[in-house]
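Pasted below: model-v4.cif, mmCIF, C-alpha atoms and all ligand atoms.
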data_run
#
loop_
_atom_site.label_atom_id
_atom_site.label_comp_id
_atom_site.auth_asym_id
_atom_site.auth_seq_id
_atom_site.Cartn_x
_atom_site.Cartn_y
_atom_site.Cartn_z
CA MET A 1 34.13 -7.56 13.75
CA ARG A 2 31.28 -8.94 15.78
CA THR A 3 29.17 -11.24 13.66
CA PRO A 4 26.56 -11.13 12.36
CA ALA A 5 26.54 -7.39 11.75
CA LEU A 6 22.79 -6.99 11.62
CA THR A 7 20.82 -6.62 14.87
CA THR A 8 18.56 -9.44 15.96
CA ARG A 9 15.54 -7.18 15.58
CA LEU A 10 16.17 -6.75 11.84
CA ARG A 11 17.63 -10.14 11.07
CA PRO A 12 14.27 -11.79 10.30
CA PHE A 13 13.74 -9.41 7.39
CA THR A 14 16.90 -9.76 5.31
CA ALA A 15 16.17 -12.40 2.72
CA THR A 16 13.18 -10.93 0.93
CA ILE A 17 11.48 -12.97 -1.72
CA PHE A 18 10.92 -9.70 -3.59
CA ALA A 19 14.65 -9.31 -4.12
CA GLU A 20 14.99 -12.96 -5.05
CA ILE A 21 12.17 -12.97 -7.59
CA THR A 22 13.15 -9.56 -9.02
CA GLU A 23 16.67 -10.90 -9.56
CA LEU A 24 15.36 -14.09 -11.17
CA ALA A 25 13.08 -12.00 -13.39
CA ARG A 26 15.99 -9.80 -14.44
CA LYS A 27 18.21 -12.79 -15.23
CA THR A 28 15.56 -14.57 -17.27
CA GLY A 29 14.07 -11.46 -18.91
CA ALA A 30 10.71 -12.39 -17.40
CA VAL A 31 7.53 -10.32 -17.69
CA ASN A 32 7.35 -8.77 -14.24
CA LEU A 33 3.91 -8.74 -12.60
CA GLY A 34 5.66 -8.98 -9.25
CA GLN A 35 6.50 -5.42 -8.31
CA GLY A 36 3.69 -2.87 -8.13
CA PHE A 37 4.83 0.12 -10.13
CA PRO A 38 3.16 1.53 -13.25
CA ASP A 39 4.98 1.49 -16.58
CA THR A 40 3.64 4.84 -17.83
CA ASP A 41 4.15 8.42 -16.59
CA GLY A 42 1.90 10.69 -14.57
CA PRO A 43 0.09 13.82 -15.85
CA GLU A 44 2.24 15.95 -18.18
CA SER A 45 1.51 19.22 -16.43
CA MET A 46 2.74 17.69 -13.15
CA LEU A 47 6.00 16.59 -14.78
CA ARG A 48 6.40 20.07 -16.28
CA VAL A 49 5.93 21.82 -12.92
CA ALA A 50 8.67 19.62 -11.43
CA GLN A 51 11.03 20.38 -14.35
CA GLU A 52 10.34 24.11 -14.00
CA ALA A 53 10.90 23.94 -10.25
CA ILE A 54 14.33 22.41 -10.81
CA ALA A 55 15.14 25.01 -13.51
CA ASN A 56 13.94 27.83 -11.24
CA GLY A 57 16.07 26.97 -8.23
CA VAL A 58 13.72 24.93 -6.01
CA ASN A 59 16.62 22.67 -5.11
CA GLN A 60 17.36 23.26 -1.43
CA TYR A 61 15.77 22.03 1.83
CA SER A 62 12.07 22.71 2.07
CA PRO A 63 10.51 23.75 5.41
CA GLY A 64 10.43 20.91 7.99
CA MET A 65 6.70 20.29 7.61
CA GLY A 66 6.91 20.46 3.78
CA GLU A 67 6.21 23.24 1.25
CA PRO A 68 3.27 25.33 2.53
CA GLU A 69 1.67 25.16 -0.92
CA LEU A 70 1.65 21.35 -0.86
CA ARG A 71 0.34 21.18 2.72
CA ALA A 72 -2.47 23.53 1.70
CA ALA A 73 -3.27 21.37 -1.35
CA ILE A 74 -3.33 18.18 0.76
CA SER A 75 -5.61 19.83 3.30
CA GLU A 76 -7.98 21.09 0.55
CA HIS A 77 -8.03 17.65 -1.05
CA ARG A 78 -8.98 15.89 2.22
CA ALA A 79 -11.65 18.50 2.94
CA ALA A 80 -13.20 18.44 -0.55
CA ARG A 81 -13.15 14.67 -0.93
CA TYR A 82 -13.91 13.42 2.58
CA GLY A 83 -15.06 16.46 4.55
CA ILE A 84 -12.15 16.20 7.00
CA GLU A 85 -10.47 19.43 8.08
CA HIS A 86 -6.71 19.45 8.74
CA ARG A 87 -4.90 22.71 9.55
CA PRO A 88 -2.02 22.93 7.03
CA GLU A 89 0.21 24.57 9.68
CA ASP A 90 0.39 21.69 12.16
CA GLU A 91 -1.94 18.86 11.08
CA VAL A 92 -0.29 17.99 7.75
CA LEU A 93 3.29 16.73 7.39
CA VAL A 94 4.98 15.99 4.06
CA THR A 95 7.16 12.85 4.15
CA CYS A 96 9.46 10.81 1.90
CA GLY A 97 6.65 8.65 0.63
CA ALA A 98 3.99 6.86 2.63
CA THR A 99 6.73 4.45 3.75
CA GLU A 100 8.56 7.09 5.77
CA ALA A 101 5.30 8.40 7.22
CA LEU A 102 4.47 4.88 8.48
CA THR A 103 7.93 4.14 9.83
CA ALA A 104 8.25 7.53 11.51
CA ALA A 105 4.77 7.17 13.04
CA LEU A 106 5.59 3.79 14.55
CA ILE A 107 9.01 4.90 15.82
CA ALA A 108 7.46 8.04 17.29
CA LEU A 109 4.46 6.42 18.99
CA VAL A 110 5.45 2.91 20.03
CA GLU A 111 7.37 2.18 23.25
CA PRO A 112 9.46 -1.00 23.31
CA GLY A 113 7.09 -3.84 24.19
CA ASP A 114 3.92 -2.05 23.04
CA GLU A 115 1.74 -4.14 20.76
CA VAL A 116 0.91 -3.06 17.22
CA VAL A 117 -1.87 -4.85 15.36
CA LEU A 118 -1.57 -5.55 11.64
CA ILE A 119 -4.13 -7.08 9.35
CA GLU A 120 -2.55 -9.94 7.42
CA PRO A 121 -1.58 -10.38 4.68
CA TYR A 122 0.24 -7.06 5.35
CA TYR A 123 2.38 -4.65 3.32
CA ASP A 124 6.01 -5.70 3.68
CA SER A 125 7.37 -2.57 5.38
CA TYR A 126 4.97 -2.67 8.37
CA PRO A 127 6.57 -5.49 10.38
CA VAL A 128 10.04 -4.03 9.84
CA ALA A 129 8.94 -0.61 11.07
CA ILE A 130 7.41 -2.22 14.17
CA ALA A 131 10.68 -4.06 14.77
CA MET A 132 12.66 -0.82 14.40
CA ALA A 133 10.40 0.74 17.03
CA GLY A 134 10.89 -2.26 19.36
CA GLY A 135 7.16 -2.99 19.24
CA VAL A 136 5.49 -6.38 19.34
CA ARG A 137 3.56 -7.38 16.24
CA ARG A 138 0.14 -9.02 16.49
CA THR A 139 -1.91 -9.92 13.44
CA VAL A 140 -5.55 -10.41 12.53
CA ALA A 141 -6.35 -12.36 9.38
CA LEU A 142 -8.28 -11.42 6.29
CA ARG A 143 -10.05 -14.65 5.33
CA GLN A 144 -11.18 -15.73 1.92
CA GLY A 145 -14.97 -15.43 1.96
CA GLU A 146 -17.57 -17.40 0.02
CA ASP A 147 -17.96 -14.75 -2.66
CA HIS A 148 -14.27 -14.60 -3.68
CA ARG A 149 -13.76 -11.54 -1.48
CA PHE A 150 -11.47 -11.37 1.53
CA GLU A 151 -13.19 -10.55 4.82
CA LEU A 152 -11.86 -9.32 8.13
CA ASP A 153 -12.19 -11.85 10.96
CA LEU A 154 -14.06 -9.59 13.42
CA ASP A 155 -13.92 -12.06 16.33
CA ALA A 156 -10.16 -12.32 15.91
CA LEU A 157 -9.96 -8.52 15.73
CA ARG A 158 -11.82 -8.14 19.04
CA ALA A 159 -9.71 -10.88 20.64
CA THR A 160 -6.42 -9.33 19.49
CA VAL A 161 -6.88 -5.63 20.21
CA GLY A 162 -6.77 -4.78 23.93
CA PRO A 163 -5.37 -2.35 26.47
CA GLN A 164 -1.85 -3.55 25.61
CA THR A 165 -2.35 -2.37 22.00
CA ARG A 166 -0.76 0.97 21.18
CA ALA A 167 -1.59 1.18 17.48
CA LEU A 168 -3.42 -0.58 14.67
CA VAL A 169 -2.40 -0.24 11.03
CA LEU A 170 -5.17 -0.32 8.44
CA ASN A 171 -4.53 -0.39 4.69
CA SER A 172 -7.65 0.11 2.57
CA PRO A 173 -7.82 -0.41 -0.38
CA HIS A 174 -5.61 -3.30 0.64
CA ASN A 175 -2.34 -4.53 -0.85
CA PRO A 176 -1.91 -7.46 -1.62
CA THR A 177 -5.55 -8.61 -1.76
CA GLY A 178 -7.28 -5.66 -3.48
CA THR A 179 -9.90 -5.65 -0.73
CA VAL A 180 -11.79 -2.47 0.11
CA PHE A 181 -12.93 -2.69 3.72
CA THR A 182 -16.71 -2.46 4.12
CA ASP A 183 -18.42 0.11 6.31
CA ALA A 184 -19.23 -2.68 8.79
CA GLU A 185 -15.58 -3.72 8.95
CA LEU A 186 -14.48 -0.09 9.38
CA ALA A 187 -17.05 0.38 12.16
CA ALA A 188 -15.74 -2.69 14.01
CA ILE A 189 -12.15 -1.44 13.69
CA ALA A 190 -13.16 2.02 14.93
CA GLU A 191 -14.99 0.47 17.88
CA VAL A 192 -12.01 -1.58 19.10
CA CYS A 193 -9.74 1.45 18.67
CA ARG A 194 -12.04 3.68 20.72
CA GLU A 195 -12.68 1.07 23.41
CA ASN A 196 -8.99 0.34 23.94
CA ASP A 197 -7.63 3.84 23.37
CA VAL A 198 -5.66 2.68 20.32
CA ILE A 199 -4.09 4.99 17.73
CA ALA A 200 -5.11 4.07 14.17
CA ILE A 201 -2.53 4.50 11.42
CA THR A 202 -4.19 4.29 8.03
CA ASP A 203 -2.33 3.62 4.78
CA GLU A 204 -4.52 5.17 2.09
CA VAL A 205 -2.08 5.20 -0.84
CA TYR A 206 -4.74 3.61 -3.10
CA GLU A 207 -7.45 6.11 -2.07
CA HIS A 208 -8.12 6.96 -5.74
CA LEU A 209 -8.01 3.39 -7.04
CA LEU A 210 -11.36 1.78 -6.16
CA TYR A 211 -13.51 0.07 -8.77
CA ASP A 212 -17.11 -0.86 -9.54
CA GLY A 213 -18.52 2.29 -7.95
CA LEU A 214 -16.99 1.67 -4.51
CA GLU A 215 -15.98 4.76 -2.53
CA HIS A 216 -13.04 5.30 -0.20
CA HIS A 217 -14.15 5.98 3.37
CA PRO A 218 -11.23 7.12 5.54
CA LEU A 219 -11.29 5.63 9.05
CA ALA A 220 -10.82 9.17 10.40
CA THR A 221 -14.37 10.03 9.27
CA LEU A 222 -15.93 7.55 11.71
CA PRO A 223 -17.23 8.81 15.07
CA GLY A 224 -14.48 9.47 17.62
CA MET A 225 -11.72 8.52 15.17
CA ALA A 226 -10.39 11.88 13.89
CA GLU A 227 -8.74 12.52 17.27
CA ARG A 228 -6.90 9.16 17.26
CA THR A 229 -6.05 8.58 13.59
CA LEU A 230 -2.99 9.33 11.52
CA SER A 231 -4.04 9.20 7.85
CA ILE A 232 -1.25 8.50 5.42
CA SER A 233 -1.19 8.80 1.64
CA SER A 234 1.20 9.54 -1.18
CA ALA A 235 1.45 10.85 -4.74
CA GLY A 236 3.10 7.64 -5.96
CA LYS A 237 0.04 5.54 -6.74
CA THR A 238 -2.40 8.39 -7.48
CA PHE A 239 -0.22 10.12 -10.08
CA ASN A 240 2.05 7.30 -11.38
CA ALA A 241 5.06 8.80 -9.62
CA THR A 242 6.28 6.04 -7.34
CA GLY A 243 9.90 7.20 -7.76
CA TRP A 244 9.20 10.71 -6.43
CA LYS A 245 8.51 9.57 -2.88
CA ILE A 246 6.24 12.44 -1.92
CA GLY A 247 3.91 11.28 0.83
CA TRP A 248 2.04 12.86 3.71
CA VAL A 249 0.45 12.22 7.05
CA CYS A 250 -2.57 14.10 8.42
CA GLY A 251 -4.10 14.01 11.89
CA PRO A 252 -4.39 15.84 15.19
CA ALA A 253 -1.51 18.25 15.84
CA GLU A 254 -0.15 16.28 18.79
CA LEU A 255 0.15 13.04 16.80
CA VAL A 256 1.50 14.75 13.67
CA GLY A 257 3.99 16.61 15.86
CA ALA A 258 5.19 13.29 17.25
CA VAL A 259 5.69 11.89 13.73
CA ARG A 260 7.60 15.03 12.81
CA ALA A 261 9.92 14.57 15.78
CA ALA A 262 10.97 11.18 14.40
CA LYS A 263 10.90 12.13 10.71
CA GLN A 264 13.10 15.16 11.35
CA PHE A 265 16.07 12.94 12.17
CA MET A 266 15.36 10.28 9.55
CA THR A 267 15.45 12.46 6.43
CA PHE A 268 14.48 15.94 7.74
CA VAL A 269 12.91 16.79 4.36
CA GLY A 270 12.99 15.52 0.78
CA GLY A 271 11.97 16.02 -2.84
CA ALA A 272 11.75 19.85 -2.81
CA PRO A 273 11.10 20.31 -6.59
CA PHE A 274 8.49 17.54 -6.61
CA GLN A 275 6.43 19.13 -3.87
CA PRO A 276 5.02 22.04 -5.96
CA ALA A 277 4.36 19.52 -8.75
CA VAL A 278 2.29 17.31 -6.47
CA ALA A 279 0.45 20.38 -5.12
CA HIS A 280 -0.36 21.27 -8.73
CA ALA A 281 -1.56 17.73 -9.46
CA LEU A 282 -3.80 17.57 -6.37
CA ARG A 283 -5.40 20.86 -7.44
CA ASN A 284 -5.57 20.40 -11.22
CA GLU A 285 -5.16 16.78 -12.24
CA LEU A 286 -7.85 14.84 -10.39
CA ASP A 287 -9.56 14.23 -13.74
CA TRP A 288 -6.35 12.52 -14.82
CA ALA A 289 -6.49 10.41 -11.65
CA GLU A 290 -10.08 9.47 -12.50
CA GLN A 291 -8.97 8.41 -16.00
CA LEU A 292 -6.23 6.33 -14.41
CA ARG A 293 -8.81 4.71 -12.15
CA GLN A 294 -10.99 3.77 -15.12
CA ASN A 295 -7.98 2.41 -17.00
CA MET A 296 -6.88 0.42 -14.00
CA GLN A 297 -10.34 -1.10 -13.63
CA ARG A 298 -10.18 -2.21 -17.28
CA LYS A 299 -6.73 -3.67 -16.69
CA ARG A 300 -8.01 -5.54 -13.66
CA ASP A 301 -10.77 -7.02 -15.82
CA ARG A 302 -8.32 -7.87 -18.59
CA LEU A 303 -5.95 -9.70 -16.25
CA ALA A 304 -8.75 -11.37 -14.28
CA GLU A 305 -10.21 -12.76 -17.49
CA GLY A 306 -6.79 -13.89 -18.73
CA LEU A 307 -5.99 -15.62 -15.44
CA THR A 308 -9.36 -17.36 -15.43
CA ASP A 309 -8.83 -18.56 -19.02
CA ALA A 310 -5.39 -19.84 -18.01
CA GLY A 311 -7.04 -21.97 -15.33
CA PHE A 312 -6.63 -19.98 -12.10
CA ASP A 313 -9.42 -19.42 -9.58
CA VAL A 314 -9.35 -15.63 -9.45
CA LEU A 315 -10.30 -13.66 -6.33
CA HIS A 316 -12.09 -10.35 -6.49
CA SER A 317 -9.96 -7.19 -6.56
CA GLU A 318 -11.99 -4.13 -5.55
CA GLY A 319 -9.10 -1.67 -5.65
CA THR A 320 -5.27 -1.18 -5.80
CA TYR A 321 -2.91 -2.53 -8.48
CA PHE A 322 -3.25 -6.16 -7.46
CA ILE A 323 -5.27 -9.29 -7.93
CA CYS A 324 -4.83 -12.64 -6.19
CA ALA A 325 -5.39 -16.04 -7.71
CA ASP A 326 -5.68 -19.54 -6.29
CA VAL A 327 -3.19 -21.85 -8.02
CA ARG A 328 -4.77 -25.15 -6.92
CA PRO A 329 -6.99 -25.66 -9.99
CA LEU A 330 -3.77 -25.88 -12.03
CA GLY A 331 -2.49 -28.68 -9.82
CA PHE A 332 -0.13 -26.66 -7.59
CA ASP A 333 -0.48 -26.31 -3.85
CA ASP A 334 2.35 -23.99 -2.83
CA GLY A 335 2.39 -20.46 -4.26
CA GLU A 336 5.92 -19.78 -3.07
CA GLN A 337 7.36 -22.84 -4.77
CA LEU A 338 5.46 -21.96 -7.94
CA CYS A 339 6.60 -18.30 -7.92
CA ARG A 340 10.24 -19.34 -7.47
CA SER A 341 9.97 -21.54 -10.57
CA LEU A 342 7.89 -19.25 -12.81
CA PRO A 343 10.67 -16.99 -14.17
CA GLU A 344 12.70 -19.90 -15.55
CA ARG A 345 9.74 -22.04 -16.43
CA ILE A 346 7.58 -19.58 -18.39
CA GLY A 347 9.34 -16.19 -18.10
CA LEU A 348 7.00 -14.57 -15.60
CA ALA A 349 7.36 -13.04 -12.16
CA ALA A 350 4.62 -12.91 -9.50
CA ILE A 351 4.62 -12.82 -5.69
CA PRO A 352 3.29 -15.51 -3.34
CA VAL A 353 0.81 -14.07 -0.80
CA GLN A 354 2.17 -16.17 2.08
CA VAL A 355 5.25 -13.92 2.29
CA PHE A 356 2.96 -11.15 3.60
CA CYS A 357 1.76 -13.30 6.51
CA ASP A 358 2.87 -14.45 9.98
CA ASN A 359 0.65 -17.46 9.54
CA PRO A 360 1.28 -18.51 5.93
CA GLU A 361 -0.97 -21.59 5.88
CA PRO A 362 -4.31 -20.01 4.80
CA ALA A 363 -2.55 -18.03 2.03
CA LYS A 364 -0.29 -20.82 0.80
CA HIS A 365 -2.21 -21.38 -2.43
CA LEU A 366 -2.44 -17.69 -3.39
CA VAL A 367 -0.32 -15.68 -5.79
CA ARG A 368 -0.43 -11.90 -6.28
CA PHE A 369 -0.26 -10.39 -9.77
CA ALA A 370 0.13 -6.64 -10.50
CA TYR A 371 -2.06 -5.25 -13.28
CA CYS A 372 -0.68 -1.66 -13.32
CA LYS A 373 1.07 -2.50 -16.60
CA LYS A 374 0.58 -1.79 -20.30
CA ASP A 375 -2.08 -3.96 -21.95
CA GLU A 376 0.50 -5.68 -24.17
CA VAL A 377 2.50 -6.61 -21.07
CA LEU A 378 -0.60 -8.10 -19.41
CA ASP A 379 -1.48 -9.99 -22.60
CA GLU A 380 2.04 -11.40 -22.91
CA ALA A 381 1.92 -12.46 -19.24
CA VAL A 382 -1.34 -14.31 -19.82
CA ARG A 383 0.03 -15.95 -22.99
CA ARG A 384 2.93 -17.30 -20.93
CA LEU A 385 0.68 -18.40 -18.06
CA HIS A 386 -1.32 -20.55 -20.49
CA LYS A 387 1.81 -22.75 -20.77
CA LEU A 388 1.29 -23.91 -17.18
CA ARG A 389 -1.52 -26.24 -18.19
C1 LIG B 401 3.25 1.34 -2.64
C2 LIG B 401 2.78 1.28 -1.24
C3 LIG B 401 3.35 2.09 -0.25
C4 LIG B 401 4.56 2.93 -0.50
O1 LIG B 401 4.26 4.26 -0.76
P1 LIG B 401 5.44 5.28 -1.05
O2 LIG B 401 4.75 6.58 -1.15
O3 LIG B 401 6.12 4.84 -2.31
O4 LIG B 401 6.38 5.20 0.11
C5 LIG B 401 2.81 2.04 1.02
N1 LIG B 401 1.78 1.21 1.31
C6 LIG B 401 1.24 0.41 0.39
C7 LIG B 401 0.12 -0.48 0.77
C8 LIG B 401 1.73 0.39 -0.91
O5 LIG B 401 1.22 -0.44 -1.81
#
Full structure transcribed into structure tokens:
Amino acid sequence: MRTPALTTRLRPFTATIFAEITELARKTGAVNLGQGFPDTDGPESMLRVAQEAIANGVNQYSPGMGEPELRAAISEHRAARYGIEHRPEDEVLVTCGATEALTAALIALVEPGDEVVLIEPYYDSYPVAIAMAGGVRRTVALRQGEDHRFELDLDALRATVGPQTRALVLNSPHNPTGTVFTDAELAAIAEVCRENDVIAITDEVYEHLLYDGLEHHPLATLPGMAERTLSISSAGKTFNATGWKIGWVCGPAELVGAVRAAKQFMTFVGGAPFQPAVAHALRNELDWAEQLRQNMQRKRDRLAEGLTDAGFDVLHSEGTYFICADVRPLGFDDGEQLCRSLPERIGLAAIPVQVFCDNPEPAKHLVRFAYCKKDEVLDEAVRRLHKLR
């Protein structure tokens, strides 16, 4: 056999630190604040609708665009919450999670050699999807501002996006930093997209998880953006159902049709019995999602306080499941080295932020912790972190 088996375009992405740290955590029985999944279930009525769907024979392929009932619920949700209208027939596509929506969008829209702009640190699947599409990745940095918030480098944004750019991926609220992009940052992103005829692909999976009174403003609501934006979200983070992999993408019919063309031959469809359950949740369980949001804000505060007490310099998390901390006050200077040693040293798993970057240097001292965990798990994690002093 020709060696190595894996193509050059995917070879850079094989050894993930996620896998390494997850394995170390498993071996050592560490408290895992590395991976971002909740350790409690979603709304009971949603779980019941899925169980009934399975019992009642909703077990075969759904229509290619997704169950009409779910597409209608997604469309109603976007209209009620953000005032954006998407025709359920051809402007809403149900996908196997937000991940498939993103990958299918990039494969559908990017020609080999086209540039795709990411904001770094970036979610780990984005660069791989660009590589699968044969695109060229360019990044713009989020910088640590004075007030413990990350800010978008607007000059770098304007210097990076140009006529050679096909698409820009925006994730707000942002994993791994917890940043919610400001209206000024969104306006600057919209401006460079309009000026350079760039398609925006927005990852809005944390659209319900913003804290301290902040509101989610989809990029598609900005002037001239609805016609060039694919808005992606998913039930995973909103309804504690990350294993269901029910996601969706909304946008103009031509763009959504392009995503469908790619998606059709990736998975065709998926998760038939979960689709009516997510439709039910979008229509009836938004109060539950609001409770989750309030709980998550309390958990953020709990972990932020614990990390501060343990000696970290904690950055501000305005949304998501995640908070970042500077490890230098504890005498460390490399987050990756520290994270590799934490499971054995104190029985804890966390993720270094530099692994989400092309240019790791500015993020070298940062570690990401997930707070979407039971209070006792967070407290135990903090107890262990105190041993680092
Ligand atoms: C969790 C997550 C996803 C994955 O969503 P799925 O619906 O599980 O595919 C995508 N983007 C970001 C930023 C995430 O944190």
Using all atoms listed in the file, which of the listed residues (A:Gln275, A:Asn175, A:Thr202, A:Gln294) sits closest to A:Ala73? A:Gln275
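Proximity to A:Lys387 was assessed for A:Ile54, A:Gly347, A:Gly243, A:Gln144 counting only C-alpha atoms; the smallest distance is recorded for A:Gly347.
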Please identify all polymer residues within 10 Å of stretch 369-380 of chain A, counting only C-alpha atoms, omitting same-chain residues fewer than 4 positions from it, and present them as number ranges by chain. A: 31-40, 176-177, 237, 240, 292, 295-304, 306-307, 320-325, 347-353, 384-385
Near-ligand residues for ligand LIG 401 (chain B), threshold 6 Å, all atoms listed in the file, as a PyMOL selection string: chain A and resi 97-99+123+175+203+205+234+236+242+245+247
Quick one: residues within 10 Å of A:Val94, only C-alpha atoms, excluding same-chain residues fewer than 4 positions away - as a VMD selection string? chain A and resid 62 to 68 70 to 71 74 98 100 to 101 232 to 234 246 to 250 260 263 269 to 271 275
Could you dump the residues just selected with C-alpha atoms as a PDB file, in the coordinates of the input?
ATOM      1  CA  SER A  62      12.070  22.710   2.070  1.00  0.00           C
ATOM      2  CA  PRO A  63      10.510  23.750   5.410  1.00  0.00           C
ATOM      3  CA  GLY A  64      10.430  20.910   7.990  1.00  0.00           C
ATOM      4  CA  MET A  65       6.700  20.290   7.610  1.00  0.00           C
ATOM      5  CA  GLY A  66       6.910  20.460   3.780  1.00  0.00           C
ATOM      6  CA  GLU A  67       6.210  23.240   1.250  1.00  0.00           C
ATOM      7  CA  PRO A  68       3.270  25.330   2.530  1.00  0.00           C
ATOM      8  CA  LEU A  70       1.650  21.350  -0.860  1.00  0.00           C
ATOM      9  CA  ARG A  71       0.340  21.180   2.720  1.00  0.00           C
ATOM     10  CA  ILE A  74      -3.330  18.180   0.760  1.00  0.00           C
ATOM     11  CA  ALA A  98       3.990   6.860   2.630  1.00  0.00           C
ATOM     12  CA  GLU A 100       8.560   7.090   5.770  1.00  0.00           C
ATOM     13  CA  ALA A 101       5.300   8.400   7.220  1.00  0.00           C
ATOM     14  CA  ILE A 232      -1.250   8.500   5.420  1.00  0.00           C
ATOM     15  CA  SER A 233      -1.190   8.800   1.640  1.00  0.00           C
ATOM     16  CA  SER A 234       1.200   9.540  -1.180  1.00  0.00           C
ATOM     17  CA  ILE A 246       6.240  12.440  -1.920  1.00  0.00           C
ATOM     18  CA  GLY A 247       3.910  11.280   0.830  1.00  0.00           C
ATOM     19  CA  TRP A 248       2.040  12.860   3.710  1.00  0.00           C
ATOM     20  CA  VAL A 249       0.450  12.220   7.050  1.00  0.00           C
ATOM     21  CA  CYS A 250      -2.570  14.100   8.420  1.00  0.00           C
ATOM     22  CA  ARG A 260       7.600  15.030  12.810  1.00  0.00           C
ATOM     23  CA  LYS A 263      10.900  12.130  10.710  1.00  0.00           C
ATOM     24  CA  VAL A 269      12.910  16.790   4.360  1.00  0.00           C
ATOM     25  CA  GLY A 270      12.990  15.520   0.780  1.00  0.00           C
ATOM     26  CA  GLY A 271      11.970  16.020  -2.840  1.00  0.00           C
ATOM     27  CA  GLN A 275       6.430  19.130  -3.870  1.00  0.00           C
TER      28      GLN A 275
END
In the coordinates of the file, take the point (-18.3, -6.1, 7.2) and a cut-off of 12 Å; then, counting all atoms listed in the file, name each qualifying protein, DNA or RNA residue as an MDAnalysis selection string. chainID A and resid 142 145 149:155 179:189
Let me see the file: selected residues, C-alpha atoms, as a compact mmCIF listing (two decimals), in the frame of the given file.
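Output file result-v3.txt is given in full below:
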# COMPACT_ATOMS: atom_id res chain seq x y z
CA LEU A 142 -8.28 -11.42 6.29
CA GLY A 145 -14.97 -15.43 1.96
CA ARG A 149 -13.76 -11.54 -1.48
CA PHE A 150 -11.47 -11.37 1.53
CA GLU A 151 -13.19 -10.55 4.82
CA LEU A 152 -11.86 -9.32 8.13
CA ASP A 153 -12.19 -11.85 10.96
CA LEU A 154 -14.06 -9.59 13.42
CA ASP A 155 -13.92 -12.06 16.33
CA THR A 179 -9.90 -5.65 -0.73
CA VAL A 180 -11.79 -2.47 0.11
CA PHE A 181 -12.93 -2.69 3.72
CA THR A 182 -16.71 -2.46 4.12
CA ASP A 183 -18.42 0.11 6.31
CA ALA A 184 -19.23 -2.68 8.79
CA GLU A 185 -15.58 -3.72 8.95
CA LEU A 186 -14.48 -0.09 9.38
CA ALA A 187 -17.05 0.38 12.16
CA ALA A 188 -15.74 -2.69 14.01
CA ILE A 189 -12.15 -1.44 13.69
Would you mind reading off the distance between atom CA of A:Gly335 and atom CA of A:His365, one decimal, in Å? 5.0 Å
Quick one: of A:Ala272, A:Leu106, A:Leu210, A:Leu388, who's nearest to A:Pro173, counting all atoms listed in the file?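 For A:Pro173, the nearest of the given residues is A:Leu210.
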Atom CA of A:Ile130 to atom CA of A:Phe13, distance in Å rounded to a single decimal: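 Spanning atom CA of A:Ile130 to atom CA of A:Phe13 is a straight-line distance of 11.7 Å.
You can rank A:His316, A:Arg11, A:Arg87, A:Arg48 by their closest distance to A:Asp147 using only C-alpha atoms, and at the top of that list sits A:His316.
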Taking 5 positions as the minimum chain separation for residues in the same chain, which residues sit within 7 Å of A:Ala200 when counting only C-alpha atoms? Answer as a ChimeraX atom specification. /A:167-169,193,228-230
Here is a test: counting all atoms listed in the file, which residue of A:Thr139, A:Asn171, A:Thr165, A:Thr7 is nearest to A:Arg194?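 Checking each of A:Thr139, A:Asn171, A:Thr165, A:Thr7 against A:Arg194, counting all atoms listed in the file, the winner is A:Thr165.
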Counting only C-alpha atoms, write as a list in words all protein and nucleic acid residues lying at most 12 Å from (-7.0, 12.3, -15.2) in the file's frame.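 Residues found, by chain and rising number: Asp41, Gly42, Pro43, Glu44, Ser45, Met46, His208, Thr238, Phe239, Asn240, Ala281, Leu282, Arg283, Asn284, Glu285, Leu286, Asp287, Trp288, Ala289, Glu290, Gln291, Leu292, Arg293, Gln294, Asn295 and Met296 of chain A.
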Could you write out that same residue set with C-alpha atoms as a tab-separated table (two decimals), in the coordinates of the input?
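Saved the output as out.tsv:
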chain	number	residue	atom	x	y	z
A	41	ASP	CA	4.15	8.42	-16.59
A	42	GLY	CA	1.90	10.69	-14.57
A	43	PRO	CA	0.09	13.82	-15.85
A	44	GLU	CA	2.24	15.95	-18.18
A	45	SER	CA	1.51	19.22	-16.43
A	46	MET	CA	2.74	17.69	-13.15
A	208	HIS	CA	-8.12	6.96	-5.74
A	238	THR	CA	-2.40	8.39	-7.48
A	239	PHE	CA	-0.22	10.12	-10.08
A	240	ASN	CA	2.05	7.30	-11.38
A	281	ALA	CA	-1.56	17.73	-9.46
A	282	LEU	CA	-3.80	17.57	-6.37
A	283	ARG	CA	-5.40	20.86	-7.44
A	284	ASN	CA	-5.57	20.40	-11.22
A	285	GLU	CA	-5.16	16.78	-12.24
A	286	LEU	CA	-7.85	14.84	-10.39
A	287	ASP	CA	-9.56	14.23	-13.74
A	288	TRP	CA	-6.35	12.52	-14.82
A	289	ALA	CA	-6.49	10.41	-11.65
A	290	GLU	CA	-10.08	9.47	-12.50
A	291	GLN	CA	-8.97	8.41	-16.00
A	292	LEU	CA	-6.23	6.33	-14.41
A	293	ARG	CA	-8.81	4.71	-12.15
A	294	GLN	CA	-10.99	3.77	-15.12
A	295	ASN	CA	-7.98	2.41	-17.00
A	296	MET	CA	-6.88	0.42	-14.00
For A:His86, which residue among A:Gly251, A:Pro223, A:Gly57, A:Gly178 is the nearest when counting only C-alpha atoms?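 Of the candidates, the smallest distance to A:His86 is held by A:Gly251.
Interatomic distance, atom CA of A:Gly29 to atom CA of A:Pro343: 8.0 Å.
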